[in-house]
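Structure record follows, encoded as structure tokens.
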Amino acid sequence: MDQLTGKTAVVTGAGSGMGRAFARRLAAAGMNLVLADITEGPLKEAVNEAVAAGVKAIGVRTDVSDAASMDALAAAAFGAFDRVNVVCNNAGVAGTFMGSGGRVDTADWAWVLGVNLWGVIHGHRVFLPHLLEHGDGHIVNTSSMAGHLPAHSAYAASKWAVVGITEGLYLQLQQAGSTVGVSCLCPGWVATNIAASIRERPEAVAPGPHLELSAEDEARYEFVTELVRSGLPPEHVADMVHDAIVENKFWIFPHPDFVQSLEPRFRSVLAGTNPEPRLLG
Ligand SMILES: NC(=O)c1ccc[n+]([C@@H]2O[C@H](COP(=O)([O-])OP(=O)(O)OC[C@H]3O[C@@H](n4cnc5c(N)ncnc54)[C@H](O)[C@@H]3O)[C@@H](O)[C@H]2O)c1
């Protein structure tokens, strides 16, 4: 898509972090916005910000893991705008804990896969047929470097799956000769509120006591929180997302050094040698 002005973008997880930055960047490019988030206050702020920037915008409180909620998001988008062009399936959660010695409880698997993977699946289900029909569209799915580096966590599982279905979708659309573009965003650490979600599993998702964190888990949580805090500004990632849509680039890797760390893994896979010890995300 070389021209975005006056067209419409849907952004999930738009209340905070990268989604909020995508909304600002796409509004700066003159796009009208359909903003979705499960948290109402920040969502309203994001909509007000977009309107103040001079574009049309609506906010729809949405749980991306819920089929009916995503149906309602699509209905609201098509009700407000004739066409949707860009869809950023971005909402995500880290999980109660990013996997410690294979110890992830069932509610965490359901919550993290529900938001991070089913959110993308529903995003394809409700918007892709419309994009394919008019042909002037682009889908950006937010995965992670955790989608390329192994770890026994619900988060890594969800992000590997997003890499797989996004690359698969790209290849299918190429084969069909579609003009709809697809990008897979794989950031390393970005300075957002994602670390807070480690502790904020909604009661509705998992009633009852949360997973007890050991002292080792707590130390790991602090470590990860610090890495996130010192990460790239979300605005930098938003610029890359904007450029990928305009230039029709599939991979969006905001951390080139992180990508280099994939090489030893691929070498070991090709040689059939056992995995080398390394820091797990
Ligand atoms: N921050 C990082 O270091 C990092 C790195 C790689 C990938 N990511 C991915 O980037 C994406 C955006 O996360 P972020 O870092 O901006 O975090 P963030 O917590 O700042 O923003 C995520 C937003 O998603 C919303 N959300 C959570 N559950 C939802 C649901 N069920 N339905 C709708 N909205 C929901 C939250 O309310 C929040 O506004 C996520 O998919 C995350 O996994 C983040």
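In the structure tokens, each chain is lettered A, B, ... as it comes, each chain's residues begin at 1, and ligands are numbered from 1 in order of appearance.
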Output as a PDB file with all heavy atoms, in the first residue's frame all residues of region 21-222 of chain A that backbone DSSP marks as strand (DSSP E or B).
```
ATOM      1  N   ASN A  32      -7.695   7.027   9.145  1.00  0.00           N
ATOM      2  CA  ASN A  32      -8.765   6.950  10.145  1.00  0.00           C
ATOM      3  C   ASN A  32      -8.565   5.663  10.943  1.00  0.00           C
ATOM      4  O   ASN A  32      -7.990   4.693  10.424  1.00  0.00           O
ATOM      5  CB  ASN A  32     -10.123   6.959   9.463  1.00  0.00           C
ATOM      6  CG  ASN A  32     -10.338   8.258   8.699  1.00  0.00           C
ATOM      7  OD1 ASN A  32      -9.982   9.333   9.186  1.00  0.00           O
ATOM      8  ND2 ASN A  32     -10.890   8.152   7.493  1.00  0.00           N
ATOM      9  N   LEU A  33      -9.053   5.672  12.186  1.00  0.00           N
ATOM     10  CA  LEU A  33      -8.684   4.568  13.072  1.00  0.00           C
ATOM     11  C   LEU A  33      -9.871   3.903  13.752  1.00  0.00           C
ATOM     12  O   LEU A  33     -10.803   4.573  14.214  1.00  0.00           O
ATOM     13  CB  LEU A  33      -7.741   5.091  14.170  1.00  0.00           C
ATOM     14  CG  LEU A  33      -6.395   5.647  13.698  1.00  0.00           C
ATOM     15  CD1 LEU A  33      -5.652   6.293  14.859  1.00  0.00           C
ATOM     16  CD2 LEU A  33      -5.537   4.525  13.077  1.00  0.00           C
ATOM     17  N   VAL A  34      -9.789   2.574  13.846  1.00  0.00           N
ATOM     18  CA  VAL A  34     -10.679   1.783  14.686  1.00  0.00           C
ATOM     19  C   VAL A  34      -9.774   1.192  15.758  1.00  0.00           C
ATOM     20  O   VAL A  34      -8.939   0.339  15.468  1.00  0.00           O
ATOM     21  CB  VAL A  34     -11.365   0.660  13.884  1.00  0.00           C
ATOM     22  CG1 VAL A  34     -12.242  -0.191  14.801  1.00  0.00           C
ATOM     23  CG2 VAL A  34     -12.178   1.246  12.735  1.00  0.00           C
ATOM     24  N   LEU A  35      -9.901   1.706  16.979  1.00  0.00           N
ATOM     25  CA  LEU A  35      -8.979   1.301  18.035  1.00  0.00           C
ATOM     26  C   LEU A  35      -9.687   0.339  18.992  1.00  0.00           C
ATOM     27  O   LEU A  35     -10.838   0.566  19.379  1.00  0.00           O
ATOM     28  CB  LEU A  35      -8.467   2.530  18.782  1.00  0.00           C
ATOM     29  CG  LEU A  35      -7.771   3.572  17.884  1.00  0.00           C
ATOM     30  CD1 LEU A  35      -7.274   4.756  18.705  1.00  0.00           C
ATOM     31  CD2 LEU A  35      -6.610   2.934  17.115  1.00  0.00           C
ATOM     32  N   ALA A  36      -8.996  -0.732  19.350  1.00  0.00           N
ATOM     33  CA  ALA A  36      -9.588  -1.763  20.201  1.00  0.00           C
ATOM     34  C   ALA A  36      -8.659  -2.057  21.369  1.00  0.00           C
ATOM     35  O   ALA A  36      -7.440  -2.114  21.209  1.00  0.00           O
ATOM     36  CB  ALA A  36      -9.816  -3.040  19.383  1.00  0.00           C
ATOM     37  N   ASP A  37      -9.255  -2.229  22.530  1.00  0.00           N
ATOM     38  CA  ASP A  37      -8.485  -2.657  23.703  1.00  0.00           C
ATOM     39  C   ASP A  37      -9.477  -3.191  24.735  1.00  0.00           C
ATOM     40  O   ASP A  37     -10.655  -2.841  24.706  1.00  0.00           O
ATOM     41  CB  ASP A  37      -7.683  -1.494  24.301  1.00  0.00           C
ATOM     42  CG  ASP A  37      -6.466  -1.978  25.090  1.00  0.00           C
ATOM     43  OD1 ASP A  37      -6.658  -2.560  26.182  1.00  0.00           O
ATOM     44  OD2 ASP A  37      -5.336  -1.796  24.612  1.00  0.00           O
ATOM     45  N   ALA A  57     -11.853   8.672  14.318  1.00  0.00           N
ATOM     46  CA  ALA A  57     -11.457   7.495  15.101  1.00  0.00           C
ATOM     47  C   ALA A  57     -12.611   7.029  15.979  1.00  0.00           C
ATOM     48  O   ALA A  57     -13.355   7.840  16.519  1.00  0.00           O
ATOM     49  CB  ALA A  57     -10.253   7.836  15.976  1.00  0.00           C
ATOM     50  N   ILE A  58     -12.746   5.711  16.098  1.00  0.00           N
ATOM     51  CA  ILE A  58     -13.684   5.156  17.079  1.00  0.00           C
ATOM     52  C   ILE A  58     -12.915   4.188  17.970  1.00  0.00           C
ATOM     53  O   ILE A  58     -11.891   3.619  17.562  1.00  0.00           O
ATOM     54  CB  ILE A  58     -14.883   4.424  16.429  1.00  0.00           C
ATOM     55  CG1 ILE A  58     -14.423   3.235  15.556  1.00  0.00           C
ATOM     56  CG2 ILE A  58     -15.745   5.379  15.628  1.00  0.00           C
ATOM     57  CD1 ILE A  58     -15.541   2.261  15.193  1.00  0.00           C
ATOM     58  N   GLY A  59     -13.407   4.013  19.192  1.00  0.00           N
ATOM     59  CA  GLY A  59     -12.817   3.042  20.115  1.00  0.00           C
ATOM     60  C   GLY A  59     -13.847   1.973  20.403  1.00  0.00           C
ATOM     61  O   GLY A  59     -15.023   2.281  20.622  1.00  0.00           O
ATOM     62  N   VAL A  60     -13.416   0.719  20.379  1.00  0.00           N
ATOM     63  CA  VAL A  60     -14.348  -0.380  20.649  1.00  0.00           C
ATOM     64  C   VAL A  60     -13.709  -1.264  21.722  1.00  0.00           C
ATOM     65  O   VAL A  60     -12.655  -1.858  21.487  1.00  0.00           O
ATOM     66  CB  VAL A  60     -14.595  -1.226  19.373  1.00  0.00           C
ATOM     67  CG1 VAL A  60     -15.678  -2.271  19.624  1.00  0.00           C
ATOM     68  CG2 VAL A  60     -14.957  -0.341  18.187  1.00  0.00           C
ATOM     69  N   ARG A  61     -14.362  -1.318  22.892  1.00  0.00           N
ATOM     70  CA  ARG A  61     -13.822  -2.193  23.933  1.00  0.00           C
ATOM     71  C   ARG A  61     -13.944  -3.630  23.435  1.00  0.00           C
ATOM     72  O   ARG A  61     -15.033  -4.092  23.087  1.00  0.00           O
ATOM     73  CB  ARG A  61     -14.578  -2.022  25.250  1.00  0.00           C
ATOM     74  CG  ARG A  61     -13.887  -2.771  26.359  1.00  0.00           C
ATOM     75  CD  ARG A  61     -14.642  -2.777  27.666  1.00  0.00           C
ATOM     76  NE  ARG A  61     -13.938  -3.649  28.612  1.00  0.00           N
ATOM     77  CZ  ARG A  61     -14.101  -4.966  28.662  1.00  0.00           C
ATOM     78  NH1 ARG A  61     -14.968  -5.561  27.866  1.00  0.00           N
ATOM     79  NH2 ARG A  61     -13.399  -5.695  29.529  1.00  0.00           N
ATOM     80  N   VAL A  86      -5.998  -1.495   6.766  1.00  0.00           N
ATOM     81  CA  VAL A  86      -4.871  -2.034   7.541  1.00  0.00           C
ATOM     82  C   VAL A  86      -5.399  -2.665   8.823  1.00  0.00           C
ATOM     83  O   VAL A  86      -6.272  -2.085   9.476  1.00  0.00           O
ATOM     84  CB  VAL A  86      -3.860  -0.906   7.877  1.00  0.00           C
ATOM     85  CG1 VAL A  86      -2.821  -1.372   8.888  1.00  0.00           C
ATOM     86  CG2 VAL A  86      -3.176  -0.400   6.608  1.00  0.00           C
ATOM     87  N   VAL A  87      -4.915  -3.849   9.140  1.00  0.00           N
ATOM     88  CA  VAL A  87      -5.297  -4.496  10.408  1.00  0.00           C
ATOM     89  C   VAL A  87      -4.020  -4.860  11.169  1.00  0.00           C
ATOM     90  O   VAL A  87      -3.201  -5.630  10.669  1.00  0.00           O
ATOM     91  CB  VAL A  87      -6.136  -5.769  10.160  1.00  0.00           C
ATOM     92  CG1 VAL A  87      -6.485  -6.443  11.491  1.00  0.00           C
ATOM     93  CG2 VAL A  87      -7.416  -5.434   9.394  1.00  0.00           C
ATOM     94  N   CYS A  88      -3.857  -4.266  12.339  1.00  0.00           N
ATOM     95  CA  CYS A  88      -2.705  -4.594  13.203  1.00  0.00           C
ATOM     96  C   CYS A  88      -3.218  -5.470  14.343  1.00  0.00           C
ATOM     97  O   CYS A  88      -3.853  -4.976  15.289  1.00  0.00           O
ATOM     98  CB  CYS A  88      -2.074  -3.329  13.776  1.00  0.00           C
ATOM     99  SG  CYS A  88      -1.405  -2.215  12.533  1.00  0.00           S
ATOM    100  N   ASN A  89      -2.976  -6.783  14.221  1.00  0.00           N
ATOM    101  CA  ASN A  89      -3.342  -7.723  15.288  1.00  0.00           C
ATOM    102  C   ASN A  89      -2.206  -7.699  16.302  1.00  0.00           C
ATOM    103  O   ASN A  89      -1.224  -8.432  16.178  1.00  0.00           O
ATOM    104  CB  ASN A  89      -3.528  -9.125  14.712  1.00  0.00           C
ATOM    105  CG  ASN A  89      -4.754  -9.219  13.833  1.00  0.00           C
ATOM    106  OD1 ASN A  89      -5.848  -8.857  14.256  1.00  0.00           O
ATOM    107  ND2 ASN A  89      -4.579  -9.687  12.610  1.00  0.00           N
ATOM    108  N   SER A 100       8.878 -21.101  33.737  1.00  0.00           N
ATOM    109  CA  SER A 100       9.980 -21.369  34.630  1.00  0.00           C
ATOM    110  C   SER A 100      10.071 -22.878  34.790  1.00  0.00           C
ATOM    111  O   SER A 100       9.205 -23.492  35.398  1.00  0.00           O
ATOM    112  CB  SER A 100       9.687 -20.690  35.971  1.00  0.00           C
ATOM    113  OG  SER A 100      10.687 -20.980  36.885  1.00  0.00           O
ATOM    114  N   ARG A 103       7.076 -24.931  34.133  1.00  0.00           N
ATOM    115  CA  ARG A 103       5.960 -24.807  35.081  1.00  0.00           C
ATOM    116  C   ARG A 103       5.034 -23.673  34.645  1.00  0.00           C
ATOM    117  O   ARG A 103       5.257 -22.512  34.946  1.00  0.00           O
ATOM    118  CB  ARG A 103       6.557 -24.486  36.457  1.00  0.00           C
ATOM    119  CG  ARG A 103       5.738 -24.899  37.654  1.00  0.00           C
ATOM    120  CD  ARG A 103       6.626 -24.838  38.885  1.00  0.00           C
ATOM    121  NE  ARG A 103       7.258 -23.538  39.034  1.00  0.00           N
ATOM    122  CZ  ARG A 103       6.759 -22.557  39.780  1.00  0.00           C
ATOM    123  NH1 ARG A 103       5.646 -22.713  40.428  1.00  0.00           N
ATOM    124  NH2 ARG A 103       7.406 -21.409  39.883  1.00  0.00           N
ATOM    125  N   HIS A 138      -3.515  -4.459   4.136  1.00  0.00           N
ATOM    126  CA  HIS A 138      -2.279  -4.996   4.712  1.00  0.00           C
ATOM    127  C   HIS A 138      -2.571  -5.458   6.139  1.00  0.00           C
ATOM    128  O   HIS A 138      -3.258  -4.759   6.888  1.00  0.00           O
ATOM    129  CB  HIS A 138      -1.199  -3.907   4.721  1.00  0.00           C
ATOM    130  CG  HIS A 138       0.187  -4.442   4.851  1.00  0.00           C
ATOM    131  ND1 HIS A 138       1.053  -4.564   3.773  1.00  0.00           N
ATOM    132  CD2 HIS A 138       0.860  -4.931   5.924  1.00  0.00           C
ATOM    133  CE1 HIS A 138       2.202  -5.080   4.184  1.00  0.00           C
ATOM    134  NE2 HIS A 138       2.108  -5.316   5.488  1.00  0.00           N
ATOM    135  N   ILE A 139      -2.049  -6.636   6.478  1.00  0.00           N
ATOM    136  CA  ILE A 139      -2.197  -7.168   7.835  1.00  0.00           C
ATOM    137  C   ILE A 139      -0.828  -7.169   8.505  1.00  0.00           C
ATOM    138  O   ILE A 139       0.152  -7.623   7.902  1.00  0.00           O
ATOM    139  CB  ILE A 139      -2.754  -8.609   7.800  1.00  0.00           C
ATOM    140  CG1 ILE A 139      -4.211  -8.570   7.330  1.00  0.00           C
ATOM    141  CG2 ILE A 139      -2.618  -9.287   9.149  1.00  0.00           C
ATOM    142  CD1 ILE A 139      -5.005  -9.804   7.640  1.00  0.00           C
ATOM    143  N   VAL A 140      -0.767  -6.643   9.732  1.00  0.00           N
ATOM    144  CA  VAL A 140       0.480  -6.705  10.508  1.00  0.00           C
ATOM    145  C   VAL A 140       0.189  -7.509  11.776  1.00  0.00           C
ATOM    146  O   VAL A 140      -0.645  -7.102  12.590  1.00  0.00           O
ATOM    147  CB  VAL A 140       0.966  -5.297  10.920  1.00  0.00           C
ATOM    148  CG1 VAL A 140       2.276  -5.395  11.703  1.00  0.00           C
ATOM    149  CG2 VAL A 140       1.126  -4.389   9.708  1.00  0.00           C
ATOM    150  N   ASN A 141       0.834  -8.653  11.919  1.00  0.00           N
ATOM    151  CA  ASN A 141       0.664  -9.444  13.138  1.00  0.00           C
ATOM    152  C   ASN A 141       1.871  -9.242  14.046  1.00  0.00           C
ATOM    153  O   ASN A 141       3.018  -9.353  13.599  1.00  0.00           O
ATOM    154  CB  ASN A 141       0.532 -10.928  12.798  1.00  0.00           C
ATOM    155  CG  ASN A 141      -0.786 -11.231  12.100  1.00  0.00           C
ATOM    156  OD1 ASN A 141      -1.767 -10.491  12.260  1.00  0.00           O
ATOM    157  ND2 ASN A 141      -0.815 -12.301  11.330  1.00  0.00           N
ATOM    158  N   THR A 142       1.598  -8.949  15.316  1.00  0.00           N
ATOM    159  CA  THR A 142       2.693  -8.764  16.266  1.00  0.00           C
ATOM    160  C   THR A 142       3.070 -10.109  16.873  1.00  0.00           C
ATOM    161  O   THR A 142       2.308 -10.697  17.640  1.00  0.00           O
ATOM    162  CB  THR A 142       2.307  -7.777  17.389  1.00  0.00           C
ATOM    163  OG1 THR A 142       1.929  -6.529  16.795  1.00  0.00           O
ATOM    164  CG2 THR A 142       3.484  -7.552  18.326  1.00  0.00           C
ATOM    165  N   GLY A 181      -1.117  -7.207   1.451  1.00  0.00           N
ATOM    166  CA  GLY A 181       0.208  -7.439   2.038  1.00  0.00           C
ATOM    167  C   GLY A 181       0.120  -8.013   3.445  1.00  0.00           C
ATOM    168  O   GLY A 181      -0.917  -7.888   4.121  1.00  0.00           O
ATOM    169  N   VAL A 182       1.206  -8.642   3.867  1.00  0.00           N
ATOM    170  CA  VAL A 182       1.263  -9.242   5.208  1.00  0.00           C
ATOM    171  C   VAL A 182       2.641  -8.951   5.805  1.00  0.00           C
ATOM    172  O   VAL A 182       3.657  -9.084   5.119  1.00  0.00           O
ATOM    173  CB  VAL A 182       1.070 -10.777   5.139  1.00  0.00           C
ATOM    174  CG1 VAL A 182       1.119 -11.388   6.539  1.00  0.00           C
ATOM    175  CG2 VAL A 182      -0.246 -11.142   4.456  1.00  0.00           C
ATOM    176  N   SER A 183       2.659  -8.547   7.075  1.00  0.00           N
ATOM    177  CA  SER A 183       3.936  -8.346   7.776  1.00  0.00           C
ATOM    178  C   SER A 183       3.908  -9.060   9.114  1.00  0.00           C
ATOM    179  O   SER A 183       2.862  -9.162   9.762  1.00  0.00           O
ATOM    180  CB  SER A 183       4.188  -6.859   8.048  1.00  0.00           C
ATOM    181  OG  SER A 183       4.298  -6.141   6.858  1.00  0.00           O
ATOM    182  N   CYS A 184       5.097  -9.528   9.513  1.00  0.00           N
ATOM    183  CA  CYS A 184       5.248 -10.183  10.812  1.00  0.00           C
ATOM    184  C   CYS A 184       6.233  -9.366  11.635  1.00  0.00           C
ATOM    185  O   CYS A 184       7.407  -9.263  11.286  1.00  0.00           O
ATOM    186  CB  CYS A 184       5.769 -11.611  10.603  1.00  0.00           C
ATOM    187  SG  CYS A 184       5.789 -12.571  12.116  1.00  0.00           S
ATOM    188  N   LEU A 185       5.728  -8.760  12.713  1.00  0.00           N
ATOM    189  CA  LEU A 185       6.558  -7.916  13.579  1.00  0.00           C
ATOM    190  C   LEU A 185       7.153  -8.765  14.700  1.00  0.00           C
ATOM    191  O   LEU A 185       6.419  -9.409  15.451  1.00  0.00           O
ATOM    192  CB  LEU A 185       5.686  -6.790  14.159  1.00  0.00           C
ATOM    193  CG  LEU A 185       6.287  -5.957  15.290  1.00  0.00           C
ATOM    194  CD1 LEU A 185       7.538  -5.207  14.832  1.00  0.00           C
ATOM    195  CD2 LEU A 185       5.246  -4.979  15.833  1.00  0.00           C
ATOM    196  N   VAL A 190      10.923  -3.892  24.119  1.00  0.00           N
ATOM    197  CA  VAL A 190      10.385  -2.565  23.801  1.00  0.00           C
ATOM    198  C   VAL A 190       9.790  -1.998  25.096  1.00  0.00           C
ATOM    199  O   VAL A 190       9.120  -2.722  25.854  1.00  0.00           O
ATOM    200  CB  VAL A 190       9.295  -2.651  22.702  1.00  0.00           C
ATOM    201  CG1 VAL A 190       8.793  -1.252  22.338  1.00  0.00           C
ATOM    202  CG2 VAL A 190       9.831  -3.359  21.460  1.00  0.00           C
TER     203      VAL A 190
END
```
*Identify, with DSSP run on backbone atoms, the residues in region 104-250 of chain A assigned to helix (DSSP H, G or I), and express the list as a VMD selection string.*
chain A and resid 106 to 134 145 to 147 154 to 175 194 to 198 215 to 229 234 to 247
_Among listed residues A:Ile38, A:Met31, A:Ala176, A:Ile121, nearest ligand 1 (using only C-alpha atoms and all ligand atoms)_ =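 The closest residue to ligand 1 is A:Ile38.
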*asked:* List as an NGL selection string the protein and nucleic acid residues near Gly54 (chain A), meaning an atom at most 12 Å away when only C-alpha atoms are counted, but skip any in the same chain fewer than 6 places from it.
replied: :A and (5-6 or 24 or 26-33 or 47-48)
Would you mind exporting N, CA, C and O atoms of the selected residues as a compact mmCIF listing (two decimals), in the first residue's frame?
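Result saved to out05.txt:
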```txt
# COMPACT_ATOMS: atom_id res chain seq x y z
N THR A 5 -3.26 7.83 3.31
CA THR A 5 -4.13 8.96 3.70
C THR A 5 -5.59 8.71 3.34
O THR A 5 -5.89 8.29 2.22
N GLY A 6 -6.46 8.92 4.35
CA GLY A 6 -7.91 8.79 4.13
C GLY A 6 -8.40 7.35 4.22
O GLY A 6 -9.60 7.10 4.16
N ARG A 24 -0.80 6.41 16.80
CA ARG A 24 -0.27 7.78 16.58
C ARG A 24 0.40 7.87 15.21
O ARG A 24 0.19 8.84 14.48
N LEU A 26 -0.02 5.99 12.48
CA LEU A 26 -0.94 5.85 11.34
C LEU A 26 -1.85 7.08 11.23
O LEU A 26 -2.21 7.49 10.13
N ALA A 27 -2.18 7.69 12.38
CA ALA A 27 -2.94 8.95 12.34
C ALA A 27 -2.07 10.03 11.68
O ALA A 27 -2.57 10.83 10.87
N ALA A 28 -0.79 10.05 12.01
CA ALA A 28 0.12 11.04 11.40
C ALA A 28 0.20 10.84 9.89
O ALA A 28 0.43 11.79 9.14
N ALA A 29 -0.03 9.60 9.44
CA ALA A 29 -0.04 9.32 8.00
C ALA A 29 -1.42 9.61 7.39
O ALA A 29 -1.64 9.34 6.21
N GLY A 30 -2.35 10.11 8.22
CA GLY A 30 -3.66 10.51 7.71
C GLY A 30 -4.69 9.38 7.69
O GLY A 30 -5.74 9.51 7.05
N MET A 31 -4.42 8.29 8.41
CA MET A 31 -5.38 7.18 8.42
C MET A 31 -6.46 7.39 9.48
O MET A 31 -6.18 7.84 10.60
N ASN A 32 -7.69 7.03 9.15
CA ASN A 32 -8.77 6.95 10.15
C ASN A 32 -8.56 5.66 10.94
O ASN A 32 -7.99 4.69 10.42
N LEU A 33 -9.05 5.67 12.19
CA LEU A 33 -8.68 4.57 13.07
C LEU A 33 -9.87 3.90 13.75
O LEU A 33 -10.80 4.57 14.21
N VAL A 47 -8.31 7.32 21.52
CA VAL A 47 -9.26 7.83 20.54
C VAL A 47 -9.23 9.37 20.54
O VAL A 47 -9.15 10.01 19.48
N ASN A 48 -9.24 9.97 21.75
CA ASN A 48 -9.21 11.44 21.84
C ASN A 48 -7.95 12.00 21.18
O ASN A 48 -8.00 13.01 20.49
```
Sort by chain and increasing residue number a table of all residues of chain A within 7 Å of ligand 1, each with its closest pair of atoms and their distance in Å to one decimal, counting only C-alpha atoms and all ligand atoms, and write it as a Markdown table.
```
| residue | atom | partner | partner_atom_place_in_ligand_line | distance |
| --- | --- | --- | --- | --- |
| A:Thr12 | CA | ligand 1 | 34 (N) | 6.0 |
| A:Gly13 | CA | ligand 1 | 24 (O) | 3.5 |
| A:Ala14 | CA | ligand 1 | 39 (O) | 5.7 |
| A:Gly15 | CA | ligand 1 | 39 (O) | 4.1 |
| A:Ser16 | CA | ligand 1 | 39 (O) | 4.0 |
| A:Gly17 | CA | ligand 1 | 16 (O) | 3.4 |
| A:Met18 | CA | ligand 1 | 16 (O) | 3.8 |
| A:Gly19 | CA | ligand 1 | 16 (O) | 5.7 |
| A:Ala36 | CA | ligand 1 | 33 (C) | 6.4 |
| A:Asp37 | CA | ligand 1 | 34 (N) | 3.9 |
| A:Ile38 | CA | ligand 1 | 33 (C) | 4.1 |
| A:Thr39 | CA | ligand 1 | 37 (O) | 4.9 |
| A:Thr62 | CA | ligand 1 | 33 (C) | 5.3 |
| A:Asp63 | CA | ligand 1 | 32 (N) | 3.5 |
| A:Val64 | CA | ligand 1 | 32 (N) | 4.1 |
| A:Ser65 | CA | ligand 1 | 31 (N) | 5.4 |
| A:Asn90 | CA | ligand 1 | 41 (O) | 4.8 |
| A:Ala91 | CA | ligand 1 | 24 (O) | 3.9 |
| A:Gly92 | CA | ligand 1 | 41 (O) | 3.4 |
| A:Val93 | CA | ligand 1 | 43 (O) | 5.4 |
| A:Ala94 | CA | ligand 1 | 43 (O) | 6.1 |
| A:Val115 | CA | ligand 1 | 31 (N) | 4.9 |
| A:Asn116 | CA | ligand 1 | 41 (O) | 6.0 |
| A:Thr142 | CA | ligand 1 | 41 (O) | 5.3 |
| A:Ser143 | CA | ligand 1 | 7 (C) | 5.7 |
| A:Ser144 | CA | ligand 1 | 6 (C) | 4.0 |
| A:Met145 | CA | ligand 1 | 6 (C) | 6.3 |
| A:Cys186 | CA | ligand 1 | 6 (C) | 6.2 |
| A:Pro187 | CA | ligand 1 | 6 (C) | 4.4 |
| A:Gly188 | CA | ligand 1 | 5 (C) | 4.8 |
| A:Trp189 | CA | ligand 1 | 3 (O) | 3.4 |
| A:Val190 | CA | ligand 1 | 3 (O) | 3.8 |
| A:Ala191 | CA | ligand 1 | 1 (N) | 5.7 |
| A:Thr192 | CA | ligand 1 | 20 (O) | 4.2 |
| A:Asn193 | CA | ligand 1 | 20 (O) | 3.7 |
| A:Ile194 | CA | ligand 1 | 19 (O) | 3.5 |
| A:Ala195 | CA | ligand 1 | 19 (O) | 7.0 |
| A:Ala196 | CA | ligand 1 | 19 (O) | 6.9 |
| A:Ser197 | CA | ligand 1 | 19 (O) | 6.2 |
| A:Val228 | CA | ligand 1 | 3 (O) | 5.1 |
| A:Gly231 | CA | ligand 1 | 3 (O) | 6.6 |
```
*What's the 9 Å shell around Glu276 (chain A), counting only C-alpha atoms, without same-chain residues fewer than 3 positions away, as a list in words?*
Pro264, Arg265, Ser268 and Thr273 of chain A
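Computed from the coordinates, the CA of Ala67 (chain A) to CA of Leu149 (chain A) distance equals 29.2 Å.
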_Given only C-alpha atoms as the basis, pick out the residue of A:Pro150, A:Asn248, A:Arg83, A:Thr225 nearest to Leu262 (chain A)._
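The answer is A:Pro150, which sits nearest to Leu262 (chain A).
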*Quick one: of A:Val180, A:Val104, A:Ala151, A:Val163, who's nearest to Phe127 (chain A), counting only C-alpha atoms?*
A:Val180
*Spatial neighbours of Trp160 (chain A), 8 Å, only C-alpha atoms, chain gap at least 5 places, as a ChimeraX atom specification*: /A:143,146-148
Write a file of the just-selected residues containing all heavy atoms, as a tab-separated table (two decimals), in the first residue's frame.
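Wrote again.tsv, looks like this:
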```
chain	number	residue	atom	x	y	z
A	143	SER	N	4.26	-10.60	16.50
A	143	SER	CA	4.83	-11.76	17.17
A	143	SER	C	5.90	-11.23	18.12
A	143	SER	O	5.66	-10.24	18.83
A	143	SER	CB	5.38	-12.76	16.16
A	143	SER	OG	5.96	-13.85	16.84
A	146	ALA	N	10.60	-13.91	20.74
A	146	ALA	CA	10.24	-15.15	21.44
A	146	ALA	C	9.55	-16.13	20.50
A	146	ALA	O	9.39	-17.31	20.83
A	146	ALA	CB	9.33	-14.85	22.63
A	147	GLY	N	9.15	-15.66	19.31
A	147	GLY	CA	8.57	-16.54	18.30
A	147	GLY	C	9.63	-17.25	17.47
A	147	GLY	O	9.30	-18.01	16.55
A	148	HIS	N	10.91	-16.98	17.78
A	148	HIS	CA	12.00	-17.61	17.03
A	148	HIS	C	12.97	-18.35	17.94
A	148	HIS	O	13.77	-19.15	17.47
A	148	HIS	CB	12.80	-16.55	16.25
A	148	HIS	CG	11.98	-15.84	15.21
A	148	HIS	ND1	11.84	-16.32	13.92
A	148	HIS	CD2	11.26	-14.70	15.26
A	148	HIS	CE1	11.07	-15.49	13.23
A	148	HIS	NE2	10.70	-14.51	14.02
```
*Enter the distance from CA of Glu167 (chain A) to CA of Phe250 (chain A), in Å, rounded to one decimal.*
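Going from CA of Glu167 (chain A) over to CA of Phe250 (chain A), I get 8.2 Å.
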